[in-house]
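my_file-v6.cif, holding mmCIF, C-alpha atoms:
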```cif
data_coords
#
loop_
_atom_site.group_PDB
_atom_site.id
_atom_site.type_symbol
_atom_site.label_atom_id
_atom_site.label_comp_id
_atom_site.auth_asym_id
_atom_site.auth_seq_id
_atom_site.Cartn_x
_atom_site.Cartn_y
_atom_site.Cartn_z
ATOM 1 C CA MET E 1210 107.608 177.497 173.703
ATOM 2 C CA LYS E 1211 109.792 180.040 171.982
ATOM 3 C CA LYS E 1212 111.667 178.453 169.097
ATOM 4 C CA SER E 1213 115.318 177.586 168.996
ATOM 5 C CA VAL E 1214 117.197 178.762 165.904
ATOM 6 C CA PHE E 1215 119.695 176.491 164.199
ATOM 7 C CA TYR E 1216 122.244 178.280 161.986
ATOM 8 C CA HIS E 1217 124.202 176.250 159.482
ATOM 9 C CA ALA E 1218 125.921 176.451 156.119
ATOM 10 C CA GLY E 1219 124.907 173.274 154.356
ATOM 11 C CA CYS E 1220 128.117 171.354 155.059
ATOM 12 C CA SER E 1221 127.923 167.660 155.929
ATOM 13 C CA VAL E 1222 128.758 168.337 159.583
ATOM 14 C CA CYS E 1223 125.935 170.891 159.584
ATOM 15 C CA VAL E 1224 123.390 168.567 158.014
ATOM 16 C CA ASN E 1225 124.186 165.735 160.412
ATOM 17 C CA ALA E 1226 123.847 168.063 163.377
ATOM 18 C CA GLU E 1227 120.629 169.509 161.972
ATOM 19 C CA ASN E 1228 119.091 166.052 161.717
ATOM 20 C CA GLU E 1229 120.030 165.256 165.311
ATOM 21 C CA ILE E 1230 118.733 168.567 166.651
ATOM 22 C CA VAL E 1231 115.458 168.380 164.733
ATOM 23 C CA ASP E 1232 114.984 164.804 165.989
ATOM 24 C CA LEU E 1233 115.662 165.904 169.562
ATOM 25 C CA LEU E 1234 113.613 169.078 169.661
ATOM 26 C CA GLY E 1235 110.944 168.459 167.028
ATOM 27 C CA GLN E 1236 110.767 170.227 163.672
ATOM 28 C CA GLU E 1237 108.129 172.653 164.936
ATOM 29 C CA ASN E 1238 110.439 173.909 167.692
ATOM 30 C CA VAL E 1239 113.420 174.802 165.511
ATOM 31 C CA GLU E 1240 113.842 177.487 162.885
ATOM 32 C CA VAL E 1241 116.616 176.486 160.489
ATOM 33 C CA VAL E 1242 118.705 179.232 158.873
ATOM 34 C CA HIS E 1243 121.107 178.383 156.034
ATOM 35 C CA LEU E 1244 123.721 181.142 156.170
ATOM 36 C CA GLY E 1245 125.256 180.032 152.887
ATOM 37 C CA GLU E 1246 121.981 180.815 151.137
ATOM 38 C CA GLU E 1247 121.011 183.745 153.360
ATOM 39 C CA LYS E 1248 124.243 185.652 153.696
ATOM 40 C CA SER E 1249 122.293 188.749 154.690
ATOM 41 C CA ARG E 1250 121.657 187.032 158.032
ATOM 42 C CA ILE E 1251 125.361 186.586 158.868
ATOM 43 C CA PRO E 1252 125.437 189.873 160.868
ATOM 44 C CA GLU E 1253 122.423 188.649 162.868
ATOM 45 C CA ALA E 1254 124.263 185.420 163.698
ATOM 46 C CA GLU E 1255 127.421 187.299 164.661
ATOM 47 C CA GLY E 1256 125.343 189.576 166.859
ATOM 48 C CA LEU E 1257 124.194 186.483 168.736
ATOM 49 C CA ASP E 1258 127.842 185.575 169.409
ATOM 50 C CA ILE E 1259 127.958 182.712 166.948
ATOM 51 C CA LYS E 1260 131.588 181.992 166.065
ATOM 52 C CA SER E 1261 131.107 178.929 163.860
ATOM 53 C CA VAL E 1262 128.396 176.766 162.366
ATOM 54 C CA PRO E 1263 126.485 174.660 163.055
ATOM 55 C CA ALA E 1264 125.192 176.502 166.099
ATOM 56 C CA LEU E 1265 121.957 176.528 168.034
ATOM 57 C CA ILE E 1266 120.466 179.548 169.764
ATOM 58 C CA THR E 1267 118.237 178.334 172.577
ATOM 59 C CA PRO E 1268 114.953 180.011 173.530
ATOM 60 C CA SER E 1269 116.779 181.603 176.480
ATOM 61 C CA GLY E 1270 119.363 183.113 174.125
ATOM 62 C CA GLY E 1271 122.244 180.758 174.896
ATOM 63 C CA VAL E 1272 124.661 179.817 172.105
ATOM 64 C CA LEU E 1273 125.528 176.173 171.620
ATOM 65 C CA HIS E 1274 128.272 175.597 169.053
ATOM 66 C CA ILE E 1275 127.667 172.022 167.936
ATOM 67 C CA ASN E 1276 130.561 170.096 166.419
ATOM 68 C CA PHE E 1277 132.447 172.237 163.904
ATOM 69 C CA GLY E 1278 131.621 172.844 160.274
ATOM 70 C CA ALA E 1279 132.917 176.277 159.333
ATOM 71 C CA SER E 1280 133.894 179.534 160.984
ATOM 72 C CA MET E 1281 131.892 182.700 160.402
ATOM 73 C CA GLU E 1282 134.923 184.086 158.566
ATOM 74 C CA ASP E 1283 134.771 181.153 156.141
ATOM 75 C CA LEU E 1284 131.144 181.980 155.374
ATOM 76 C CA LYS E 1285 131.989 185.541 154.412
ATOM 77 C CA ALA E 1286 134.689 184.482 151.982
ATOM 78 C CA MET C 1452 111.798 158.051 174.205
ATOM 79 C CA LYS C 1453 115.274 156.676 174.754
ATOM 80 C CA LYS C 1454 117.333 159.076 176.844
ATOM 81 C CA SER C 1455 120.113 161.281 175.613
ATOM 82 C CA VAL C 1456 123.322 161.181 177.657
ATOM 83 C CA PHE C 1457 125.202 164.365 178.469
ATOM 84 C CA TYR C 1458 128.874 163.894 179.383
ATOM 85 C CA HIS C 1459 130.685 166.714 181.095
ATOM 86 C CA ALA C 1460 133.484 167.461 183.528
ATOM 87 C CA GLY C 1461 132.099 170.128 185.810
ATOM 88 C CA CYS C 1462 133.771 173.073 184.097
ATOM 89 C CA SER C 1463 131.861 176.331 183.657
ATOM 90 C CA VAL C 1464 131.426 175.741 179.915
ATOM 91 C CA CYS C 1465 130.037 172.299 180.780
ATOM 92 C CA VAL C 1466 127.612 173.583 183.389
ATOM 93 C CA ASN C 1467 126.271 176.299 181.100
ATOM 94 C CA ALA C 1468 125.751 173.785 178.303
ATOM 95 C CA GLU C 1469 124.145 171.332 180.723
ATOM 96 C CA ASN C 1470 121.617 173.933 181.821
ATOM 97 C CA GLU C 1471 120.724 174.747 178.220
ATOM 98 C CA ILE C 1472 120.404 171.101 177.211
ATOM 99 C CA VAL C 1473 118.314 170.151 180.245
ATOM 100 C CA ASP C 1474 116.053 173.143 179.558
ATOM 101 C CA LEU C 1475 115.677 172.123 175.918
ATOM 102 C CA LEU C 1476 115.146 168.403 176.351
ATOM 103 C CA GLY C 1477 113.684 168.156 179.846
ATOM 104 C CA GLN C 1478 115.477 166.714 182.860
ATOM 105 C CA GLU C 1479 113.723 163.369 182.494
ATOM 106 C CA ASN C 1480 115.105 162.889 178.982
ATOM 107 C CA VAL C 1481 118.771 163.391 179.783
ATOM 108 C CA GLU C 1482 121.177 161.303 181.816
ATOM 109 C CA VAL C 1483 124.029 163.486 183.039
ATOM 110 C CA VAL C 1484 127.454 161.885 183.519
ATOM 111 C CA HIS C 1485 130.230 163.820 185.277
ATOM 112 C CA LEU C 1486 133.438 162.280 183.945
ATOM 113 C CA GLY C 1487 135.557 164.153 186.461
ATOM 114 C CA GLU C 1488 133.765 162.299 189.264
ATOM 115 C CA GLU C 1489 133.234 159.068 187.345
ATOM 116 C CA LYS C 1490 136.569 158.549 185.659
ATOM 117 C CA SER C 1491 135.742 154.862 185.209
ATOM 118 C CA ARG C 1492 133.265 155.919 182.521
ATOM 119 C CA ILE C 1493 135.884 157.706 180.385
ATOM 120 C CA PRO C 1494 136.453 154.571 178.248
ATOM 121 C CA GLU C 1495 132.684 154.364 177.659
ATOM 122 C CA ALA C 1496 132.671 157.977 176.450
ATOM 123 C CA GLU C 1497 135.678 157.392 174.210
ATOM 124 C CA GLY C 1498 133.981 154.315 172.781
ATOM 125 C CA LEU C 1499 131.098 156.569 171.748
ATOM 126 C CA ASP C 1500 133.561 158.768 169.824
ATOM 127 C CA ILE C 1501 133.489 161.634 172.279
ATOM 128 C CA LYS C 1502 136.601 163.769 171.760
ATOM 129 C CA SER C 1503 135.846 166.559 174.224
ATOM 130 C CA VAL C 1504 133.312 167.624 176.805
ATOM 131 C CA PRO C 1505 130.636 168.767 177.076
ATOM 132 C CA ALA C 1506 129.098 166.322 174.613
ATOM 133 C CA LEU C 1507 125.660 164.902 174.071
ATOM 134 C CA ILE C 1508 124.907 161.417 172.801
ATOM 135 C CA THR C 1509 121.499 161.453 171.164
ATOM 136 C CA PRO C 1510 119.023 158.557 171.402
ATOM 137 C CA SER C 1511 120.037 157.580 167.850
ATOM 138 C CA GLY C 1512 123.688 157.370 168.915
ATOM 139 C CA GLY C 1513 124.901 160.581 167.299
ATOM 140 C CA VAL C 1514 127.637 162.608 169.011
ATOM 141 C CA LEU C 1515 127.141 166.337 169.421
ATOM 142 C CA HIS C 1516 130.200 168.126 170.791
ATOM 143 C CA ILE C 1517 128.752 171.256 172.336
ATOM 144 C CA ASN C 1518 131.011 174.260 172.784
ATOM 145 C CA PHE C 1519 134.379 173.225 174.213
ATOM 146 C CA GLY C 1520 135.303 172.632 177.827
ATOM 147 C CA ALA C 1521 138.069 170.057 177.910
ATOM 148 C CA SER C 1522 139.512 167.306 175.755
ATOM 149 C CA MET C 1523 139.286 163.670 176.813
ATOM 150 C CA GLU C 1524 143.060 163.706 177.224
ATOM 151 C CA ASP C 1525 142.721 166.538 179.746
ATOM 152 C CA LEU C 1526 140.290 164.429 181.770
ATOM 153 C CA LYS C 1527 142.732 161.562 182.049
ATOM 154 C CA ALA C 1528 145.507 163.809 183.327
#
```

What does this structure look like when you write it as structure tokens?
Amino acid sequence: MKKSVFYHAGCSVCVNAENEIVDLLGQENVEVVHLGEEKSRIPEAEGLDIKSVPALITPSGGVLHINFGASMEDLKA
Amino acid sequence: MKKSVFYHAGCSVCVNAENEIVDLLGQENVEVVHLGEEKSRIPEAEGLDIKSVPALITPSGGVLHINFGASMEDLKA
């Protein structure tokens, strides 16, 4: 199975969602990207139509915005 | 595995999210509840801290609000 990618920014909302998603999908099926630590990947996330974090990109390319931690604009500040 | 429960209201945002979630978790692992058709279950959803649909309740009881279709208040209208 192609991996899902979970983008987050380390906030508490993000970490809670990450735990739930990893539990649901299995650690081996999710790549976790911390945009606060890897700001160079913000353009990649925006290119995938991510508007806020946490967000999950499914193997089919769908965007699931999960709860609300921070907007992409907040991450660039 | 205990099932996850996906609450939605039939809107296009809900249906897209439902397809993604069912793909990710497998049909057999998700109970789907259409709150527009089963309004009697709205109090159950509110009791689980669901504020808007679509939303997923994980087997551990966590609430994941996924994208945004409609608020619970909208469903009662």

Enumerate as an MDAnalysis selection string the residues belonging to chain C that approach chain E to within 6 Å, with only C-alpha atoms taken into account.
chainID C and resid 1515:1518

Compare C:Val1481, C:Val1456, C:Lys1527, C:Gly1520 by their minimum atom-to-atom distance to Ile1493 of chain C, counting only C-alpha atoms, and give me the closest one.
C:Lys1527

Taking all atoms of segment 1458-1470 of chain C that appear in the file, build a box with edges along x, y and z, extend it by 4 Å on every side, and state its centre and edge lengths in Å to one decimal, as AutoDock Vina command-line options.
```
--center_x 127.7 --center_y 170.1 --center_z 182.1 --size_x 20.2 --size_y 20.4 --size_z 15.5
```

The PyMOL selection byres ((chain E and resi 1282) around 12) on the file shown: which residues, as a CSV table (one decimal) with C-alpha atoms, in the frame of the given file?
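Printed below is out00.csv as written:
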```csv
chain,number,residue,atom,x,y,z
E,1244,LEU,CA,123.7,181.1,156.2
E,1245,GLY,CA,125.3,180.0,152.9
E,1248,LYS,CA,124.2,185.7,153.7
E,1251,ILE,CA,125.4,186.6,158.9
E,1252,PRO,CA,125.4,189.9,160.9
E,1254,ALA,CA,124.3,185.4,163.7
E,1255,GLU,CA,127.4,187.3,164.7
E,1259,ILE,CA,128.0,182.7,166.9
E,1260,LYS,CA,131.6,182.0,166.1
E,1261,SER,CA,131.1,178.9,163.9
E,1262,VAL,CA,128.4,176.8,162.4
E,1278,GLY,CA,131.6,172.8,160.3
E,1279,ALA,CA,132.9,176.3,159.3
E,1280,SER,CA,133.9,179.5,161.0
E,1281,MET,CA,131.9,182.7,160.4
E,1283,ASP,CA,134.8,181.2,156.1
E,1284,LEU,CA,131.1,182.0,155.4
E,1285,LYS,CA,132.0,185.5,154.4
E,1286,ALA,CA,134.7,184.5,152.0
```

10 Å contact set for His1485 of chain C, all atoms listed in the file, chain neighbours under 5 positions out, as a PyMOL selection string
chain C and resi 1457-1462+1465+1490+1492-1493+1504-1505

Using atom CA of Glu1482 of chain C and atom CA of Lys1454 of chain C as the two end points, give the distance in Å to one decimal.
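Atom CA of Lys1454 of chain C lies at a distance of 6.7 Å from atom CA of Glu1482 of chain C.
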
Please produce chain E as a short mmCIF file (atom, residue, chain, number, x, y, z; two decimals) with C-alpha atoms, keeping the file's coordinate frame once it has been superposed on chain C, the fit using all Cα atoms paired in sequence order.
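Here's the written file selection-v2.cif:
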```
data_model
loop_
_atom_site.label_atom_id
_atom_site.label_comp_id
_atom_site.auth_asym_id
_atom_site.auth_seq_id
_atom_site.Cartn_x
_atom_site.Cartn_y
_atom_site.Cartn_z
CA MET E 1210 111.81 158.03 174.23
CA LYS E 1211 115.28 156.67 174.78
CA LYS E 1212 117.34 159.08 176.85
CA SER E 1213 120.11 161.30 175.62
CA VAL E 1214 123.32 161.19 177.66
CA PHE E 1215 125.20 164.37 178.46
CA TYR E 1216 128.87 163.89 179.38
CA HIS E 1217 130.69 166.71 181.10
CA ALA E 1218 133.50 167.45 183.53
CA GLY E 1219 132.09 170.12 185.80
CA CYS E 1220 133.78 173.07 184.08
CA SER E 1221 131.86 176.32 183.65
CA VAL E 1222 131.43 175.73 179.92
CA CYS E 1223 130.04 172.29 180.78
CA VAL E 1224 127.61 173.57 183.39
CA ASN E 1225 126.27 176.29 181.11
CA ALA E 1226 125.75 173.79 178.32
CA GLU E 1227 124.14 171.33 180.72
CA ASN E 1228 121.61 173.93 181.82
CA GLU E 1229 120.72 174.74 178.22
CA ILE E 1230 120.40 171.09 177.21
CA VAL E 1231 118.31 170.15 180.24
CA ASP E 1232 116.05 173.15 179.55
CA LEU E 1233 115.68 172.12 175.92
CA LEU E 1234 115.14 168.41 176.35
CA GLY E 1235 113.67 168.15 179.84
CA GLN E 1236 115.48 166.72 182.85
CA GLU E 1237 113.72 163.37 182.50
CA ASN E 1238 115.09 162.89 178.98
CA VAL E 1239 118.77 163.40 179.78
CA GLU E 1240 121.17 161.30 181.82
CA VAL E 1241 124.03 163.48 183.05
CA VAL E 1242 127.46 161.89 183.52
CA HIS E 1243 130.23 163.82 185.28
CA LEU E 1244 133.44 162.29 183.94
CA GLY E 1245 135.55 164.16 186.47
CA GLU E 1246 133.77 162.31 189.26
CA GLU E 1247 133.24 159.07 187.35
CA LYS E 1248 136.56 158.54 185.65
CA SER E 1249 135.74 154.86 185.23
CA ARG E 1250 133.27 155.93 182.53
CA ILE E 1251 135.89 157.70 180.39
CA PRO E 1252 136.45 154.55 178.25
CA GLU E 1253 132.69 154.36 177.66
CA ALA E 1254 132.67 157.97 176.45
CA GLU E 1255 135.68 157.39 174.21
CA GLY E 1256 133.97 154.32 172.79
CA LEU E 1257 131.10 156.57 171.75
CA ASP E 1258 133.56 158.76 169.82
CA ILE E 1259 133.49 161.63 172.27
CA LYS E 1260 136.60 163.76 171.76
CA SER E 1261 135.85 166.57 174.22
CA VAL E 1262 133.31 167.62 176.81
CA PRO E 1263 130.63 168.77 177.07
CA ALA E 1264 129.09 166.34 174.61
CA LEU E 1265 125.65 164.91 174.06
CA ILE E 1266 124.90 161.42 172.79
CA THR E 1267 121.49 161.45 171.15
CA PRO E 1268 119.01 158.57 171.39
CA SER E 1269 120.03 157.58 167.84
CA GLY E 1270 123.68 157.38 168.91
CA GLY E 1271 124.90 160.59 167.29
CA VAL E 1272 127.63 162.61 169.01
CA LEU E 1273 127.14 166.33 169.43
CA HIS E 1274 130.20 168.12 170.79
CA ILE E 1275 128.74 171.26 172.34
CA ASN E 1276 131.01 174.27 172.79
CA PHE E 1277 134.38 173.23 174.21
CA GLY E 1278 135.31 172.64 177.82
CA ALA E 1279 138.08 170.06 177.92
CA SER E 1280 139.53 167.31 175.76
CA MET E 1281 139.29 163.68 176.80
CA GLU E 1282 143.07 163.72 177.22
CA ASP E 1283 142.73 166.55 179.75
CA LEU E 1284 140.30 164.45 181.77
CA LYS E 1285 142.75 161.57 182.05
CA ALA E 1286 145.54 163.78 183.34
#
```

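Computed from the coordinates, the atom CA of Val1241 of chain E to atom CA of Glu1227 of chain E distance equals 8.2 Å.
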
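Separating atom CA of Gln1478 of chain C from atom CA of Glu1495 of chain C is a distance of 21.8 Å.
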